[in-house]
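What follows is one structure encoded as structure tokens, with my remarks underneath.
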Amino acid sequence: MTTGVFFSRIFKGRDWPIIGDKFRNFPEVLRDVLELPNIQLFESLPVDEELLGMVHTSELLEQVRNAWYYEGALRAVGGCVQAAEMVWNGELKNAFVFTVAAGHHAGPSSAWGGTYLSSLGPAIRYLREKYRVRRFAILDTDSHHGDGDRAMFMGDHDVLHVCFCSSNIIEDDGTKIDVDVGWKTADEDYLRLVEKEFVSRVRGFQPLMIFHFLGHDTCEGDYGDRGLSPNFFIELVKVVKKCSEEVCDGRYVILTGGGSRRDVAEYVFPRIIKLLAADD
């Protein structure tokens, strides 16, 4: 089975909101990884705007259409939808999706913080409309609260949303959870929390796919620094990949989240993609 990598060359050479030009050297830094026979690079295509209209208000979409980053956001969301469909269909084992200007701060009617369109709202809506897939889990390990995704799925008890951020909250009949990881933590302590607060819940919830909004802004020296090392992110993916294989036949889609340290992205992402493709 193949691991899909979704990227567009429009993502490089531009100073994207919040994350900057951290993809400047992609996909070139993936050269060795992309030579592996079970990894394939796909062009992220723009999402259908009709699908966006199913999850966002017309007022929000009109605002974003006039922004310079709109095309990048369209392709980021489109890559997520493509990846989700191909993983569900069994064309791919799992997927890694590069994103800009789209993500977890975009709700139905408002968006901020460098993410101006929802990635997971359209992806989940598409799978439900076309394939009648109902049950999903979302793991958010960006440094900041995924308020847009929370608003997008509040009241939807078939979406488990676990966000590792700065508060401890359980709401929406136990399907929406915030976990306070502390402003300074150690790799091992964070991983223990993921096992306790995400993996254990996923085993009971039994989703059919896991989405992971993977910010590296939590890395030491980045703008959401929580004291984590670059190697933490690789160990984190090991934990979640194992969980996905146990619970949902390995259907696991990672989206790049926050973080502006280009050196961290270039170190972590090739290793994560190679890990996704590895046979355990």
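We label chains A, B, ... in the order they appear in the structure tokens, count residues from 1 in each chain, and number ligands from 1 in the order shown.
The environment of Glu129 (chain A) within 12 Å, counting only C-alpha atoms and disregarding residues fewer than 4 places along the same chain, consists of Leu51, Met54, Glu85, Pro122, Ala123, Ile124, Arg125, Val133 and Arg134 of chain A.
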Those of region 161-193 of chain A in DSSP helix (DSSP H, G or I), formatted as number ranges by chain: A: 187-193
Find the residues around region 73-83 of chain A up to 9 Å (only C-alpha atoms counted), leave out those fewer than 4 positions away in its own chain, and share them as a tab-separated table (two decimals) with N, CA, C and O atoms, in the first residue's frame.
```tsv
chain	number	residue	atom	x	y	z
A	4	GLY	N	0.36	8.59	0.49
A	4	GLY	CA	0.23	9.75	-0.39
A	4	GLY	C	0.75	11.01	0.27
A	4	GLY	O	0.54	11.24	1.46
A	5	VAL	N	1.46	11.83	-0.52
A	5	VAL	CA	1.95	13.13	-0.07
A	5	VAL	C	1.32	14.18	-0.98
A	5	VAL	O	1.46	14.10	-2.21
A	6	PHE	N	0.62	15.15	-0.40
A	6	PHE	CA	-0.13	16.13	-1.18
A	6	PHE	C	0.51	17.52	-1.00
A	6	PHE	O	0.62	18.02	0.12
A	7	PHE	N	0.89	18.10	-2.13
A	7	PHE	CA	1.66	19.35	-2.11
A	7	PHE	C	1.37	20.12	-3.39
A	7	PHE	O	1.01	19.53	-4.41
A	8	SER	N	1.53	21.43	-3.33
A	8	SER	CA	1.46	22.27	-4.54
A	8	SER	C	2.63	23.23	-4.53
A	8	SER	O	3.00	23.77	-3.48
A	10	ILE	N	2.68	26.09	-5.45
A	10	ILE	CA	2.24	27.42	-5.03
A	10	ILE	C	2.55	27.66	-3.56
A	10	ILE	O	2.61	28.79	-3.08
A	11	PHE	N	2.77	26.57	-2.80
A	11	PHE	CA	3.05	26.71	-1.36
A	11	PHE	C	4.45	27.24	-1.07
A	11	PHE	O	4.73	27.61	0.05
A	42	PHE	N	1.44	13.79	-4.88
A	42	PHE	CA	0.28	14.22	-5.65
A	42	PHE	C	0.20	15.74	-5.62
A	42	PHE	O	0.53	16.38	-4.62
A	43	GLU	N	-0.26	16.32	-6.71
A	43	GLU	CA	-0.53	17.76	-6.76
A	43	GLU	C	-1.84	18.04	-6.05
A	43	GLU	O	-2.89	17.45	-6.37
A	44	SER	N	-1.82	18.94	-5.09
A	44	SER	CA	-3.05	19.35	-4.40
A	44	SER	C	-3.86	20.25	-5.33
A	44	SER	O	-3.41	21.32	-5.72
A	45	LEU	N	-5.05	19.81	-5.67
A	45	LEU	CA	-5.93	20.54	-6.57
A	45	LEU	C	-6.88	21.43	-5.79
A	45	LEU	O	-7.22	21.12	-4.63
A	46	PRO	N	-7.34	22.54	-6.36
A	46	PRO	CA	-8.26	23.41	-5.62
A	46	PRO	C	-9.56	22.68	-5.26
A	46	PRO	O	-10.09	21.91	-6.05
A	47	VAL	N	-10.05	22.94	-4.08
A	47	VAL	CA	-11.31	22.34	-3.65
A	47	VAL	C	-12.46	22.97	-4.43
A	47	VAL	O	-12.38	24.14	-4.86
A	48	ASP	N	-13.51	22.21	-4.65
A	48	ASP	CA	-14.71	22.72	-5.29
A	48	ASP	C	-15.35	23.77	-4.37
A	48	ASP	O	-15.65	23.49	-3.21
A	49	GLU	N	-15.58	24.96	-4.90
A	49	GLU	CA	-16.13	26.03	-4.07
A	49	GLU	C	-17.55	25.72	-3.60
A	49	GLU	O	-18.00	26.24	-2.57
A	69	TYR	N	-4.07	35.14	-0.37
A	69	TYR	CA	-3.73	33.76	-0.03
A	69	TYR	C	-4.84	32.77	-0.40
A	69	TYR	O	-4.75	31.59	-0.08
A	87	VAL	N	-7.68	7.67	0.80
A	87	VAL	CA	-7.46	6.77	1.93
A	87	VAL	C	-8.72	5.95	2.19
A	87	VAL	O	-8.66	4.74	2.42
A	88	TRP	N	-9.87	6.59	2.13
A	88	TRP	CA	-11.11	5.84	2.37
A	88	TRP	C	-11.32	4.77	1.30
A	88	TRP	O	-11.76	3.66	1.60
A	92	LEU	N	-4.88	4.59	-1.08
A	92	LEU	CA	-3.73	4.92	-0.25
A	92	LEU	C	-3.89	4.28	1.12
A	92	LEU	O	-5.01	4.13	1.62
A	94	ASN	N	-2.36	5.68	3.90
A	94	ASN	CA	-2.47	6.87	4.74
A	94	ASN	C	-1.96	8.04	3.93
A	94	ASN	O	-1.56	7.88	2.76
A	95	ALA	N	-1.94	9.24	4.52
A	95	ALA	CA	-1.57	10.41	3.72
A	95	ALA	C	-0.99	11.52	4.59
A	95	ALA	O	-1.31	11.63	5.78
A	96	PHE	N	-0.17	12.34	3.94
A	96	PHE	CA	0.43	13.51	4.57
A	96	PHE	C	0.11	14.70	3.66
A	96	PHE	O	0.48	14.71	2.49
A	97	VAL	N	-0.56	15.72	4.23
A	97	VAL	CA	-1.08	16.83	3.44
A	97	VAL	C	-0.42	18.14	3.89
A	97	VAL	O	-0.55	18.54	5.05
A	98	PHE	N	0.27	18.80	2.98
A	98	PHE	CA	0.82	20.12	3.26
A	98	PHE	C	-0.29	21.16	3.14
A	98	PHE	O	-1.11	21.10	2.21
A	99	THR	N	-0.32	22.11	4.08
A	99	THR	CA	-1.37	23.13	4.04
A	99	THR	C	-0.79	24.52	4.27
A	99	THR	O	0.20	24.69	4.99
A	100	VAL	N	-1.45	25.50	3.67
A	100	VAL	CA	-1.19	26.92	3.93
A	100	VAL	C	-2.55	27.61	4.00
A	100	VAL	O	-3.48	27.23	3.29
A	101	ALA	N	-2.68	28.60	4.86
A	101	ALA	CA	-3.85	29.50	4.93
A	101	ALA	C	-5.17	28.77	5.15
A	101	ALA	O	-6.24	29.32	4.89
A	102	ALA	N	-5.12	27.54	5.63
A	102	ALA	CA	-6.34	26.78	5.91
A	102	ALA	C	-6.07	25.89	7.12
A	102	ALA	O	-4.94	25.44	7.32
A	103	GLY	N	-7.13	25.63	7.90
A	103	GLY	CA	-6.91	24.77	9.05
A	103	GLY	C	-7.83	25.03	10.21
A	103	GLY	O	-8.99	25.44	10.05
A	115	THR	N	-5.32	30.64	9.30
A	115	THR	CA	-6.10	29.55	8.69
A	115	THR	C	-7.48	30.10	8.36
A	115	THR	O	-8.30	30.29	9.26
A	116	TYR	N	-7.77	30.32	7.08
A	116	TYR	CA	-8.94	31.09	6.68
A	116	TYR	C	-10.01	30.27	5.97
A	116	TYR	O	-11.08	30.79	5.67
A	117	LEU	N	-9.73	29.01	5.71
A	117	LEU	CA	-10.74	28.06	5.26
A	117	LEU	C	-10.58	26.79	6.08
A	117	LEU	O	-9.48	26.43	6.48
A	118	SER	N	-11.67	26.11	6.33
A	118	SER	CA	-11.62	24.83	7.04
A	118	SER	C	-11.12	23.74	6.10
A	118	SER	O	-11.56	23.64	4.95
A	119	SER	N	-10.21	22.92	6.58
A	119	SER	CA	-9.77	21.75	5.83
A	119	SER	C	-10.64	20.53	6.14
A	119	SER	O	-11.02	19.77	5.24
A	120	LEU	N	-10.95	20.34	7.41
A	120	LEU	CA	-11.64	19.12	7.82
A	120	LEU	C	-13.15	19.20	7.63
A	120	LEU	O	-13.80	18.18	7.40
A	122	PRO	N	-14.85	20.51	4.99
A	122	PRO	CA	-15.14	20.00	3.65
A	122	PRO	C	-14.79	18.53	3.46
A	122	PRO	O	-15.52	17.79	2.80
A	123	ALA	N	-13.67	18.07	4.04
A	123	ALA	CA	-13.27	16.67	3.85
A	123	ALA	C	-14.29	15.72	4.46
A	123	ALA	O	-14.70	14.73	3.82
A	124	ILE	N	-14.72	16.01	5.67
A	124	ILE	CA	-15.69	15.14	6.33
A	124	ILE	C	-17.06	15.25	5.66
A	124	ILE	O	-17.75	14.24	5.45
A	126	TYR	N	-17.61	15.85	2.53
A	126	TYR	CA	-17.49	15.14	1.27
A	126	TYR	C	-17.62	13.63	1.46
A	126	TYR	O	-18.36	12.95	0.74
A	127	LEU	N	-16.90	13.09	2.44
A	127	LEU	CA	-16.97	11.65	2.69
A	127	LEU	C	-18.36	11.22	3.12
A	127	LEU	O	-18.83	10.13	2.77
A	253	VAL	N	-4.77	10.48	8.29
A	253	VAL	CA	-4.43	11.61	7.42
A	253	VAL	C	-3.86	12.73	8.28
A	253	VAL	O	-4.54	13.24	9.17
A	254	ILE	N	-2.62	13.11	8.00
A	254	ILE	CA	-1.95	14.19	8.73
A	254	ILE	C	-1.99	15.46	7.90
A	254	ILE	O	-1.71	15.45	6.70
A	255	LEU	N	-2.33	16.57	8.57
A	255	LEU	CA	-2.27	17.90	7.95
A	255	LEU	C	-1.21	18.71	8.67
A	255	LEU	O	-1.15	18.71	9.91
```
Could you pull the residues within 9 Å of Ser58 (chain A), counting only C-alpha atoms, minus those fewer than 5 positions along the same chain, as number ranges by chain? A: 53, 63, 109
CA of Asp172 (chain A) to CA of Glu195 (chain A) measures 21.3 Å
Using only C-alpha atoms, find the one residue out of A:Ile272, A:Gly121, A:Phe153, A:Glu266 that sits nearest to Val29 (chain A). A:Glu266
Do a neighbour search on Leu214 (chain A) at 10 Å with only C-alpha atoms, toss out local chain neighbours closer than 4 positions, and write the hits as number ranges by chain. A: 139-143, 218, 233, 236-237, 254-259
Any chance you could export the current selection's C-alpha atoms as a PDB file, in the first residue's frame?
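New file again22.pdb:
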```
ATOM      1  CA  LEU A 139      -6.424  14.999  16.942  1.00  0.00           C
ATOM      2  CA  ASP A 140      -5.093  18.563  17.225  1.00  0.00           C
ATOM      3  CA  THR A 141      -1.533  18.907  18.538  1.00  0.00           C
ATOM      4  CA  ASP A 142      -0.904  22.459  17.380  1.00  0.00           C
ATOM      5  CA  SER A 143       0.044  24.758  20.251  1.00  0.00           C
ATOM      6  CA  THR A 218       5.114  23.619  20.016  1.00  0.00           C
ATOM      7  CA  PHE A 233       6.847  14.865  16.478  1.00  0.00           C
ATOM      8  CA  LEU A 236       3.952  11.297  18.312  1.00  0.00           C
ATOM      9  CA  VAL A 237       3.165  10.014  14.824  1.00  0.00           C
ATOM     10  CA  ILE A 254      -1.949  14.186   8.727  1.00  0.00           C
ATOM     11  CA  LEU A 255      -2.272  17.901   7.954  1.00  0.00           C
ATOM     12  CA  THR A 256       0.606  20.289   8.557  1.00  0.00           C
ATOM     13  CA  GLY A 257      -0.417  22.903  11.089  1.00  0.00           C
ATOM     14  CA  GLY A 258       1.361  25.819  12.749  1.00  0.00           C
ATOM     15  CA  GLY A 259       5.068  26.426  13.126  1.00  0.00           C
TER      16      GLY A 259
END
```
Nearest residue to Gln40 (chain A) from the set A:Leu160, A:Ala151, A:Met1, A:Leu275 (distances using only C-alpha atoms): A:Met1
Would you kindly return, as a list of chain:residue names, each protein, DNA or RNA residue with an atom no farther than 9 Å from any atom of Asp178 (chain A), considering only C-alpha atoms and excluding same-chain residues fewer than 5 positions away? A:His145, A:His161, A:Val162, A:Cys163, A:Phe164, A:Cys165, A:Ser166, A:Ser167, A:Asn168, A:Ile169, A:Ile170, A:Glu171
I need the residues from that last selection saved to file as an mmCIF file, in the first residue's frame (with N, CA and C atoms), if you can.
```
data_model
loop_
_atom_site.group_PDB
_atom_site.id
_atom_site.type_symbol
_atom_site.label_atom_id
_atom_site.label_comp_id
_atom_site.auth_asym_id
_atom_site.auth_seq_id
_atom_site.Cartn_x
_atom_site.Cartn_y
_atom_site.Cartn_z
ATOM 1 N N HIS A 145 -5.521 26.423 20.559
ATOM 2 C CA HIS A 145 -6.823 25.750 20.540
ATOM 3 C C HIS A 145 -7.428 25.770 19.142
ATOM 4 N N HIS A 161 -13.307 15.176 18.784
ATOM 5 C CA HIS A 161 -12.297 16.223 18.591
ATOM 6 C C HIS A 161 -11.523 16.386 19.888
ATOM 7 N N VAL A 162 -10.245 16.009 19.863
ATOM 8 C CA VAL A 162 -9.392 16.115 21.047
ATOM 9 C C VAL A 162 -8.271 17.091 20.735
ATOM 10 N N CYS A 163 -8.253 18.194 21.468
ATOM 11 C CA CYS A 163 -7.313 19.287 21.210
ATOM 12 C C CYS A 163 -6.367 19.445 22.394
ATOM 13 N N PHE A 164 -5.084 19.328 22.139
ATOM 14 C CA PHE A 164 -4.060 19.485 23.173
ATOM 15 C C PHE A 164 -3.601 20.933 23.156
ATOM 16 N N CYS A 165 -4.044 21.686 24.181
ATOM 17 C CA CYS A 165 -3.809 23.128 24.166
ATOM 18 C C CYS A 165 -3.578 23.633 25.584
ATOM 19 N N SER A 166 -4.417 24.522 26.102
ATOM 20 C CA SER A 166 -4.114 25.182 27.370
ATOM 21 C C SER A 166 -5.233 25.142 28.390
ATOM 22 N N SER A 167 -6.196 24.237 28.220
ATOM 23 C CA SER A 167 -7.271 24.127 29.203
ATOM 24 C C SER A 167 -7.747 22.682 29.254
ATOM 25 N N ASN A 168 -8.465 22.365 30.303
ATOM 26 C CA ASN A 168 -9.058 21.040 30.442
ATOM 27 C C ASN A 168 -10.581 21.175 30.370
ATOM 28 N N ILE A 169 -11.152 20.721 29.274
ATOM 29 C CA ILE A 169 -12.591 20.848 29.053
ATOM 30 C C ILE A 169 -13.099 19.558 28.430
ATOM 31 N N ILE A 170 -14.250 19.097 28.883
ATOM 32 C CA ILE A 170 -14.960 18.007 28.228
ATOM 33 C C ILE A 170 -16.376 18.505 27.988
ATOM 34 N N GLU A 171 -16.825 18.488 26.725
ATOM 35 C CA GLU A 171 -18.140 19.001 26.392
ATOM 36 C C GLU A 171 -18.762 18.192 25.258
#
```
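Comparing A:Ala106, A:Val202, A:Ala186, A:Ile210 by their smallest distance to Ser229 (chain A), the closest is A:Ala186 (using only C-alpha atoms).
Nearest residue to Arg31 (chain A) among A:Asp263, A:Arg271, A:Val239, A:Phe136 is A:Arg271, counting only C-alpha atoms.
Note that CA of Phe23 (chain A) and CA of Tyr70 (chain A) are 17.1 Å apart.
Taking CA of Arg226 (chain A) and CA of Ser200 (chain A) as the two end points, the separation is 23.4 Å.
When only C-alpha atoms are used to measure the gap to Ile18 (chain A), the shortest distance among A:Arg128, A:Arg203, A:Arg261, A:Lys274 belongs to A:Arg261.
Near Asp225 (chain A), within 8 Å and counting only C-alpha atoms, sit Ser143, Trp183, Lys184, Asp217, Thr218, Cys219, Glu220 and Gly221 of chain A, not including residues fewer than 4 positions from it in the same chain.
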Test item, strand (DSSP E or B) assignment across region 2-181 of chain A, answer as a PyMOL selection string: chain A and resi 3-7+16+20+39-43+94-97+112+115+136-140+159-165+169-171+176-180
Using only C-alpha atoms, which residue out of A:Gly227, A:Leu52, A:Lys22, A:Val33 lies closest to Val264 (chain A)? A:Lys22
